[in-house]
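Coordinates from my_file28.cif are shown below (mmCIF, C-alpha atoms and all ligand atoms).
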data_target
loop_
_atom_site.label_atom_id
_atom_site.label_comp_id
_atom_site.auth_asym_id
_atom_site.auth_seq_id
_atom_site.Cartn_x
_atom_site.Cartn_y
_atom_site.Cartn_z
CA SER A 1 166.01 191.33 136.28
CA ALA A 2 166.56 191.39 140.01
CA LEU A 3 167.43 194.67 141.64
CA PRO A 4 171.21 194.90 141.66
CA ALA A 5 172.66 194.03 145.05
CA LEU A 6 174.23 197.48 145.09
CA LEU A 7 170.84 199.21 144.97
CA ARG A 8 169.32 196.84 147.57
CA ALA A 9 172.08 197.64 150.05
CA ALA A 10 172.46 201.34 149.17
CA PRO A 11 171.58 203.83 151.90
CA LYS A 12 168.19 205.43 151.36
CA ALA A 13 165.58 207.56 153.10
CA GLU A 14 161.90 206.64 153.35
CA LEU A 15 159.60 209.64 153.67
CA HIS A 16 156.12 208.24 152.99
CA ILE A 17 155.25 205.42 155.33
CA HIS A 18 152.10 205.29 157.47
CA ILE A 19 153.08 203.36 160.56
CA GLU A 20 149.55 201.94 160.87
CA GLY A 21 150.02 200.65 157.32
CA SER A 22 153.02 198.60 158.42
CA LEU A 23 150.86 196.49 160.74
CA GLU A 24 151.17 192.97 159.33
CA PRO A 25 148.21 190.55 159.65
CA GLU A 26 150.25 188.32 162.01
CA LEU A 27 150.79 191.25 164.37
CA ILE A 28 147.13 192.30 164.12
CA PHE A 29 146.16 188.82 165.36
CA ARG A 30 148.83 188.80 168.08
CA LEU A 31 147.74 192.22 169.40
CA ALA A 32 144.05 191.29 169.26
CA GLN A 33 144.78 188.24 171.37
CA ARG A 34 146.97 190.20 173.80
CA ASN A 35 144.23 192.82 174.22
CA GLY A 36 141.34 190.36 174.46
CA LEU A 37 139.69 191.57 171.25
CA SER A 38 137.94 189.41 168.70
CA LEU A 39 138.40 190.02 165.00
CA PRO A 40 135.81 189.53 162.26
CA TYR A 41 138.31 187.24 160.44
CA ALA A 42 138.94 183.59 161.31
CA SER A 43 142.64 183.59 160.48
CA VAL A 44 145.64 185.55 159.24
CA ASP A 45 145.02 184.14 155.77
CA ALA A 46 141.34 185.15 155.84
CA LEU A 47 142.34 188.68 156.82
CA ARG A 48 145.00 188.87 154.10
CA ALA A 49 142.45 187.59 151.56
CA ALA A 50 140.35 190.68 152.31
CA TYR A 51 143.17 192.90 151.02
CA ALA A 52 141.67 193.41 147.56
CA PHE A 53 141.04 197.09 146.97
CA SER A 54 139.26 199.00 144.22
CA ASP A 55 140.18 202.53 145.32
CA LEU A 56 141.55 204.53 148.25
CA GLN A 57 138.35 204.34 150.34
CA SER A 58 138.05 200.55 150.08
CA PHE A 59 141.59 200.35 151.49
CA LEU A 60 141.02 202.93 154.23
CA ASP A 61 138.04 200.99 155.61
CA ILE A 62 140.16 197.90 156.24
CA TYR A 63 143.24 199.92 157.31
CA TYR A 64 141.28 201.63 160.10
CA ALA A 65 139.78 198.28 161.15
CA GLY A 66 143.27 196.77 161.38
CA ALA A 67 144.52 199.67 163.52
CA SER A 68 141.73 199.09 166.05
CA VAL A 69 143.81 196.40 167.83
CA LEU A 70 146.32 199.05 169.00
CA LEU A 71 145.59 199.98 172.60
CA GLN A 72 148.69 199.95 174.82
CA GLU A 73 151.97 201.83 174.54
CA GLN A 74 153.69 198.49 173.91
CA ASP A 75 151.40 197.84 170.91
CA PHE A 76 152.55 201.06 169.23
CA PHE A 77 156.16 200.23 170.05
CA ASP A 78 155.89 196.69 168.64
CA MET A 79 154.32 197.96 165.40
CA ALA A 80 156.94 200.66 164.85
CA TRP A 81 159.86 198.43 165.83
CA ALA A 82 158.80 195.74 163.34
CA TYR A 83 158.74 198.38 160.58
CA LEU A 84 162.10 199.84 161.59
CA GLU A 85 163.84 196.45 161.56
CA ARG A 86 162.48 195.72 158.08
CA ALA A 87 163.41 199.20 156.85
CA ALA A 88 166.97 198.84 158.14
CA ALA A 89 167.25 195.54 156.26
CA ASP A 90 166.33 197.47 153.07
CA GLY A 91 169.13 199.99 153.58
CA VAL A 92 166.90 202.70 155.05
CA VAL A 93 169.11 204.96 157.18
CA HIS A 94 166.51 207.68 157.72
CA ALA A 95 162.71 207.42 158.01
CA GLU A 96 160.07 210.12 158.40
CA ILE A 97 157.09 208.20 159.70
CA PHE A 98 153.43 209.25 159.48
CA PHE A 99 151.05 208.45 162.30
CA ASP A 100 147.29 209.06 162.51
CA PRO A 101 146.49 210.05 166.12
CA GLN A 102 142.76 210.54 165.47
CA THR A 103 142.38 206.86 164.52
CA HIS A 104 143.41 206.00 168.08
CA THR A 105 142.19 208.90 170.23
CA ALA A 106 138.70 208.29 168.79
CA ARG A 107 138.85 204.83 170.45
CA GLY A 108 139.92 206.34 173.78
CA VAL A 109 143.68 205.75 173.44
CA PRO A 110 145.44 208.71 175.10
CA MET A 111 147.69 210.83 172.84
CA GLY A 112 150.64 210.21 175.18
CA THR A 113 150.26 206.44 174.94
CA LEU A 114 150.60 206.32 171.19
CA ILE A 115 153.28 208.99 170.83
CA GLN A 116 155.43 207.52 173.61
CA GLY A 117 155.25 204.02 172.13
CA LEU A 118 156.26 205.28 168.67
CA ARG A 119 158.96 207.54 170.16
CA ARG A 120 160.54 204.65 172.07
CA ALA A 121 160.84 202.61 168.85
CA CYS A 122 162.41 205.59 167.02
CA ARG A 123 164.98 206.08 169.77
CA ARG A 124 165.87 202.41 169.84
CA ALA A 125 166.31 202.41 166.04
CA GLU A 126 168.81 205.22 166.31
CA ALA A 127 170.77 203.36 169.00
CA GLU A 128 170.59 199.79 167.68
CA LEU A 129 170.00 200.04 163.92
CA GLY A 130 171.83 203.25 163.03
CA LEU A 131 168.56 204.46 161.52
CA SER A 132 167.34 207.96 162.34
CA ALA A 133 163.57 207.91 162.64
CA VAL A 134 161.29 210.89 163.19
CA LEU A 135 157.51 211.28 163.34
CA ILE A 136 155.02 213.34 161.30
CA LEU A 137 151.53 213.77 162.76
CA CYS A 138 148.81 213.41 160.11
CA PHE A 139 145.32 214.86 160.21
CA LEU A 140 142.47 212.76 158.83
CA ARG A 141 141.00 214.88 156.07
CA HIS A 142 137.56 213.21 156.15
CA LEU A 143 137.13 214.78 159.62
CA SER A 144 136.63 218.50 160.28
CA GLU A 145 139.30 221.17 160.53
CA ASP A 146 138.19 221.87 164.11
CA GLU A 147 138.97 218.25 164.98
CA ALA A 148 142.39 218.63 163.34
CA LEU A 149 143.02 221.80 165.39
CA ALA A 150 142.00 220.01 168.60
CA THR A 151 144.32 217.10 167.69
CA LEU A 152 147.27 219.44 167.19
CA GLU A 153 146.61 221.14 170.52
CA ALA A 154 146.31 217.75 172.27
CA ALA A 155 149.70 216.73 170.87
CA LEU A 156 151.55 219.88 171.98
CA PRO A 157 152.79 218.35 175.27
CA TRP A 158 154.78 216.05 172.91
CA ARG A 159 155.80 218.85 170.50
CA ALA A 160 159.44 217.71 170.69
CA ASP A 161 158.49 214.21 169.52
CA PHE A 162 157.24 215.07 166.02
CA ILE A 163 158.87 217.20 163.34
CA GLY A 164 155.90 218.03 161.18
CA VAL A 165 152.28 217.57 160.19
CA GLY A 166 150.68 215.90 157.20
CA LEU A 167 147.26 215.31 155.70
CA ASP A 168 145.91 211.88 154.75
CA SER A 169 142.77 209.70 154.40
CA SER A 170 139.96 210.24 151.85
CA GLU A 171 141.19 212.81 149.34
CA LEU A 172 138.27 213.42 146.97
CA GLY A 173 135.86 216.00 148.37
CA HIS A 174 138.36 217.05 151.05
CA PRO A 175 140.68 219.55 149.32
CA PRO A 176 143.76 220.90 151.10
CA GLU A 177 142.20 224.36 151.62
CA LYS A 178 139.76 222.78 154.10
CA PHE A 179 142.79 222.69 156.46
CA ALA A 180 144.20 226.20 155.89
CA ARG A 181 143.96 227.30 159.54
CA VAL A 182 145.48 224.21 161.13
CA PHE A 183 148.41 224.25 158.70
CA ALA A 184 148.97 227.96 159.45
CA ARG A 185 149.00 227.11 163.15
CA ALA A 186 151.47 224.24 162.59
CA ARG A 187 153.66 226.56 160.54
CA ALA A 188 153.69 229.13 163.35
CA LEU A 189 154.82 226.34 165.69
CA GLY A 190 157.84 225.69 163.46
CA LEU A 191 156.59 222.32 162.23
CA HIS A 192 157.40 220.95 158.79
CA LEU A 193 154.42 220.69 156.45
CA VAL A 194 153.47 217.94 153.97
CA ALA A 195 150.16 216.79 152.47
CA HIS A 196 148.79 213.98 150.35
CA ALA A 197 147.63 215.51 147.06
CA GLY A 198 147.20 214.31 143.50
CA GLU A 199 146.84 210.63 144.42
CA GLU A 200 143.13 210.35 143.52
CA GLY A 201 142.52 214.11 143.59
CA PRO A 202 143.11 216.48 140.64
CA PRO A 203 146.11 218.77 140.02
CA ALA A 204 144.07 221.59 141.61
CA TYR A 205 144.61 219.86 144.98
CA VAL A 206 148.38 219.95 144.44
CA TRP A 207 148.18 223.68 143.65
CA SER A 208 146.23 224.41 146.83
CA ALA A 209 148.51 222.24 148.96
CA LEU A 210 151.36 224.47 147.72
CA ASP A 211 149.62 227.85 147.74
CA VAL A 212 147.22 227.55 150.68
CA LEU A 213 148.91 225.04 153.01
CA LYS A 214 152.46 226.00 151.95
CA VAL A 215 153.68 222.42 152.12
CA GLN A 216 157.33 221.46 151.64
CA ARG A 217 156.59 218.09 149.99
CA ILE A 218 153.68 216.56 148.11
CA ASP A 219 152.78 212.99 149.08
CA HIS A 220 151.98 210.98 145.92
CA GLY A 221 151.39 213.87 143.48
CA VAL A 222 151.36 211.50 140.51
CA ARG A 223 148.38 213.25 138.90
CA SER A 224 150.51 216.43 138.63
CA LEU A 225 151.63 215.27 135.18
CA GLU A 226 148.15 216.16 133.86
CA ASP A 227 149.00 219.86 134.28
CA ALA A 228 152.07 221.18 132.42
CA ALA A 229 152.15 224.48 134.32
CA LEU A 230 152.13 222.55 137.60
CA VAL A 231 154.97 220.30 136.44
CA ALA A 232 157.01 223.39 135.51
CA ARG A 233 156.45 224.85 138.95
CA LEU A 234 157.26 221.61 140.81
CA ALA A 235 160.47 221.26 138.79
CA ALA A 236 161.51 224.90 139.28
CA GLU A 237 160.97 224.64 143.06
CA ARG A 238 162.46 221.13 143.35
CA MET A 239 159.25 220.30 145.20
CA PRO A 240 159.52 216.63 146.21
CA LEU A 241 156.89 214.04 145.27
CA THR A 242 156.88 211.01 147.58
CA VAL A 243 155.70 208.43 145.04
CA CYS A 244 154.39 205.02 146.19
CA PRO A 245 154.27 202.69 143.17
CA LEU A 246 152.85 199.49 144.67
CA SER A 247 150.24 201.54 146.54
CA ASN A 248 149.17 203.16 143.27
CA ILE A 249 148.66 199.75 141.67
CA LYS A 250 146.77 198.23 144.63
CA LEU A 251 144.47 201.28 144.81
CA CYS A 252 143.96 201.31 141.02
CA VAL A 253 145.53 204.73 140.40
CA PHE A 254 147.35 202.99 137.51
CA LYS A 255 146.26 199.73 135.89
CA SER A 256 149.69 198.15 136.15
CA LEU A 257 153.23 198.98 137.18
CA ALA A 258 154.20 198.98 133.50
CA GLU A 259 151.88 202.00 133.09
CA HIS A 260 153.19 203.92 136.10
CA ASN A 261 154.44 207.44 135.35
CA LEU A 262 157.55 207.24 137.56
CA PRO A 263 159.94 207.39 134.55
CA ALA A 264 158.04 210.39 133.16
CA LEU A 265 158.14 212.18 136.53
CA LEU A 266 161.91 211.73 136.72
CA ASP A 267 162.44 212.68 133.08
CA ALA A 268 160.42 215.86 133.69
CA GLY A 269 163.12 216.83 136.19
CA LEU A 270 160.95 216.36 139.25
CA CYS A 271 162.35 215.46 142.67
CA ALA A 272 160.46 212.15 142.84
CA LEU A 273 161.40 209.36 145.22
CA VAL A 274 160.02 205.87 145.90
CA ASN A 275 158.28 204.88 149.15
CA SER A 276 156.18 202.03 150.50
CA ASP A 277 153.11 203.95 151.87
CA ASP A 278 151.35 201.03 153.63
CA PRO A 279 153.69 198.06 153.09
CA ALA A 280 151.66 195.50 155.05
CA TYR A 281 148.66 196.13 152.79
CA PHE A 282 150.27 196.81 149.41
CA GLY A 283 152.58 193.84 149.07
CA GLY A 284 156.00 195.20 149.78
CA TYR A 285 158.52 197.33 151.62
CA LEU A 286 160.87 199.87 150.05
CA ASN A 287 163.19 197.50 148.18
CA ASP A 288 160.18 195.54 146.88
CA ASN A 289 158.83 198.80 145.46
CA LEU A 290 162.16 199.64 143.81
CA GLU A 291 162.70 196.12 142.54
CA GLN A 292 159.25 195.77 141.00
CA CYS A 293 159.51 199.21 139.34
CA PHE A 294 162.84 198.38 137.73
CA GLU A 295 161.42 195.04 136.59
CA ALA A 296 158.19 196.43 135.10
CA LEU A 297 159.50 199.68 133.64
CA PRO A 298 162.28 199.15 131.08
CA ALA A 299 162.52 202.95 130.71
CA LEU A 300 164.17 203.03 134.14
CA HIS A 301 167.96 202.80 134.09
CA GLY A 302 170.86 203.14 136.52
CA GLY A 303 170.81 206.92 136.33
CA HIS A 304 167.20 206.91 137.52
CA ALA A 305 168.13 204.60 140.40
CA TRP A 306 170.83 206.97 141.55
CA GLN A 307 168.44 209.93 141.15
CA LEU A 308 165.73 208.28 143.26
CA LEU A 309 168.13 207.61 146.13
CA SER A 310 169.66 211.07 145.92
CA ASN A 311 166.18 212.64 145.83
CA SER A 312 165.17 210.69 148.95
CA PHE A 313 167.84 212.50 150.95
CA GLU A 314 167.35 215.86 149.24
CA ALA A 315 163.62 215.71 150.08
CA SER A 316 164.18 214.73 153.71
CA PHE A 317 164.07 217.08 156.66
CA VAL A 318 167.55 216.14 157.90
CA ALA A 319 170.14 218.86 158.45
CA PRO A 320 171.90 220.09 155.26
CA GLU A 321 175.37 218.88 156.36
CA ARG A 322 174.08 215.35 156.77
CA LYS A 323 172.25 215.50 153.43
CA ARG A 324 175.42 216.43 151.62
CA ARG A 325 177.22 213.38 153.00
CA TRP A 326 174.60 211.07 151.49
CA GLN A 327 174.03 212.77 148.17
N1 LIG A 401 146.34 208.01 150.91
C1 LIG A 401 145.57 208.63 151.81
N2 LIG A 401 145.52 208.26 153.07
C2 LIG A 401 146.26 207.21 153.47
C3 LIG A 401 147.07 206.54 152.59
C4 LIG A 401 147.12 206.97 151.23
O1 LIG A 401 147.84 206.43 150.36
N3 LIG A 401 147.66 205.55 153.30
C5 LIG A 401 147.23 205.65 154.57
N4 LIG A 401 146.37 206.67 154.69
ZN ZN A 402 150.12 207.73 152.07
#

With the file now loaded, output its structure as structure tokens.
Amino acid sequence: SALPALLRAAPKAELHIHIEGSLEPELIFRLAQRNGLSLPYASVDALRAAYAFSDLQSFLDIYYAGASVLLQEQDFFDMAWAYLERAAADGVVHAEIFFDPQTHTARGVPMGTLIQGLRRACRRAEAELGLSAVLILCFLRHLSEDEALATLEAALPWRADFIGVGLDSSELGHPPEKFARVFARARALGLHLVAHAGEEGPPAYVWSALDVLKVQRIDHGVRSLEDAALVARLAAERMPLTVCPLSNIKLCVFKSLAEHNLPALLDAGLCALVNSDDPAYFGGYLNDNLEQCFEALPALHGGHAWQLLSNSFEASFVAPERKRRWQ
């Protein structure tokens, strides 16, 4: 059954969206042309045909290649604005948007260029779409902690333009504790803290994200269900899990949506919410994720729908007064 119109239009928050993962193939080609770059794909369709992933790494390789067309401030603005317009159409009234500065600074793009382009799109969304949008700077976990520390320092002239830090890229072999010092530094700066954990990595990575990094949300976290003591802790602390169902299917974390553990996460009393992760690569934006979950998982009912939307605001970093109005 189609997602009820009420749920499609309902106000919601999106808290797990990588802005580089919203770069649609059409825009990749347009930016390549504008910047005089040639792509190793003959057409938009040829590029999209390459979006067949077997795990997280096979996706990341093509995701970083796609992001290589971003050079000018306007490129970052155009990417973020396209996402924000689509999010607003899905009822998103608040977005906390990940960006990966190291993907761009490694190619010589200045930190200010990328942050200012993203910031301009966020400000325009507030003014023209009634959508509050804020930025979370992510460290690439396949790189060293010293590089993460240098990235944080390089971003400090724009400290007012991001509300927190996160941790993404290749999870296995790069446990959260590798980034203990940079998260402590971010915490001292008053930044919010989140980390990807328990997507491909084991429950132990969720434990160390909590205990060593002291994160306020877990991104993905779906493997937490393998550890009953962890589930009890996550429930007791109302620790949010920003679940990304279509992502999990495309990256083979679950075989099919019908086997996704979203109903079990909710029934365990966890503060789970649905997000799009990298919508240009995984086949859908936020309402597509919700719609396909409710279609594939008969265990999900109206109460779950309400809970997911309520959790999205509870888990957000907006001020408590504003949260209460939405919940
Ligand atoms: N996991 C890790 N890193 C990422 C992801 C993800 O789902 N999307 C973009 N970078
Ligand atoms: Zn992610």

message: Set the distance at 9 Å and use only C-alpha atoms: which residues neighbour Val318 (chain A) once local chain neighbours fewer than 5 positions away are removed? I'd like the list as a PyMOL selection string.
response: chain A and resi 94+313+323

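Within a radius of 10 Å around (146.5, 223.3, 146.9), the polymer residues are A:Pro175, A:Pro176, A:Glu177, A:Lys178, A:Ala180, A:Ala195, A:Ala197, A:Gly198, A:Pro202, A:Pro203, A:Ala204, A:Tyr205, A:Val206, A:Trp207, A:Ser208, A:Ala209, A:Leu210, A:Asp211, A:Val212, A:Leu213, A:Lys214, A:Val215, A:Ile218, counting all atoms listed in the file.
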
query: ligand ZN 402 (chain A): which residues are within 12 Å, counting all atoms listed in the file, as a ChimeraX atom specification?
result: /A:14-22,56,59-60,63,97-100,136,138-140,166-171,194-200,218-221,241-248,251,274-279,281-282

8 Å per side around region 130-146 of chain A: axis-aligned box centre and edge lengths, as JSON:
{"center_x": 154.2, "center_y": 212.6, "center_z": 160.1, "size_x": 51.2, "size_y": 34.6, "size_z": 24.0}

query: Near Gln116 (chain A), within 9 Å and counting all atoms listed in the file, which residues show up once chain neighbours fewer than 3 positions away are dropped, as a PyMOL selection string?
result: chain A and resi 73+76-77+111-113+119-121+158+161

message: Ranking A:Glu145, A:Ala89, A:Phe317, A:Asp55 by minimum distance to Ala133 (chain A) and counting all atoms listed in the file, which one comes first?
response: A:Phe317

- prompt: How many Å lie between CA of Leu6 (chain A) and CA of Leu300 (chain A), rounded to one decimal?
  reply: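 According to the coordinates, CA of Leu6 (chain A) and CA of Leu300 (chain A) are separated by 15.9 Å.
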
task: Write out as JSON, numbers by chain which residues come within 9 Å of Arg107 (chain A) when counting all atoms listed in the file, dropping same-chain ones fewer than 3 positions away.
output: {"A": [68, 71, 102, 103, 104, 110]}

query: Mind pulling up the distance from CA of His192 (chain A) to CA of Ala154 (chain A)?
result: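 About the pair CA of Ala154 (chain A) and CA of His192 (chain A): they are 17.7 Å apart.
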
query: Distance CA of Ile249 (chain A)-CA of Phe179 (chain A), one decimal place?
result: 27.9 Å

task: Find, counting all atoms listed in the file, the residue in A:Met79, A:Leu270, A:Ala280, A:Gly130 that gets nearest to ligand LIG 401 (chain A).
output: A:Ala280

- request: Please check which residues have atoms at most 10 Å from (164.3, 199.7, 168.5) in the file's coordinates, counting only C-alpha atoms, and write them as number ranges by chain.
  value: A: 77-78, 80-85, 118-131

Take the residues from that selection and write them out as a PDB file, in the frame of the given file, keeping C-alpha atoms.
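Result file is part01.pdb:
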ATOM      1  CA  PHE A  77     156.160 200.230 170.050  1.00  0.00           C
ATOM      2  CA  ASP A  78     155.890 196.690 168.640  1.00  0.00           C
ATOM      3  CA  ALA A  80     156.940 200.660 164.850  1.00  0.00           C
ATOM      4  CA  TRP A  81     159.860 198.430 165.830  1.00  0.00           C
ATOM      5  CA  ALA A  82     158.800 195.740 163.340  1.00  0.00           C
ATOM      6  CA  TYR A  83     158.740 198.380 160.580  1.00  0.00           C
ATOM      7  CA  LEU A  84     162.100 199.840 161.590  1.00  0.00           C
ATOM      8  CA  GLU A  85     163.840 196.450 161.560  1.00  0.00           C
ATOM      9  CA  LEU A 118     156.260 205.280 168.670  1.00  0.00           C
ATOM     10  CA  ARG A 119     158.960 207.540 170.160  1.00  0.00           C
ATOM     11  CA  ARG A 120     160.540 204.650 172.070  1.00  0.00           C
ATOM     12  CA  ALA A 121     160.840 202.610 168.850  1.00  0.00           C
ATOM     13  CA  CYS A 122     162.410 205.590 167.020  1.00  0.00           C
ATOM     14  CA  ARG A 123     164.980 206.080 169.770  1.00  0.00           C
ATOM     15  CA  ARG A 124     165.870 202.410 169.840  1.00  0.00           C
ATOM     16  CA  ALA A 125     166.310 202.410 166.040  1.00  0.00           C
ATOM     17  CA  GLU A 126     168.810 205.220 166.310  1.00  0.00           C
ATOM     18  CA  ALA A 127     170.770 203.360 169.000  1.00  0.00           C
ATOM     19  CA  GLU A 128     170.590 199.790 167.680  1.00  0.00           C
ATOM     20  CA  LEU A 129     170.000 200.040 163.920  1.00  0.00           C
ATOM     21  CA  GLY A 130     171.830 203.250 163.030  1.00  0.00           C
ATOM     22  CA  LEU A 131     168.560 204.460 161.520  1.00  0.00           C
TER      23      LEU A 131
END

field: Proximity to Gly91 (chain A) - best of A:Ala186, A:Leu191, A:Ala13, A:Leu225, all atoms listed in the file
entry: A:Ala13

query: Which is closest to ligand LIG 401 (chain A) among A:Arg8, A:Arg233, A:Arg325, A:His174, if we use only C-alpha atoms and all ligand atoms?
result: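 Once distances to ligand LIG 401 (chain A) are computed over only C-alpha atoms and all ligand atoms, the minimum belongs to A:His174.
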
task: Tell me which of A:Pro25, A:Gly66, A:Pro320, A:Gly117 sits closest to ligand LIG 401 (chain A), counting all atoms listed in the file.
output: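 Smallest distance to ligand LIG 401 (chain A) is found for A:Gly66.
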
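Residue nearest Ala264 (chain A) within the list A:Ala299, A:Leu143, A:Leu230, A:Val92: A:Ala299 [criterion: smallest interatomic distance, only C-alpha atoms].
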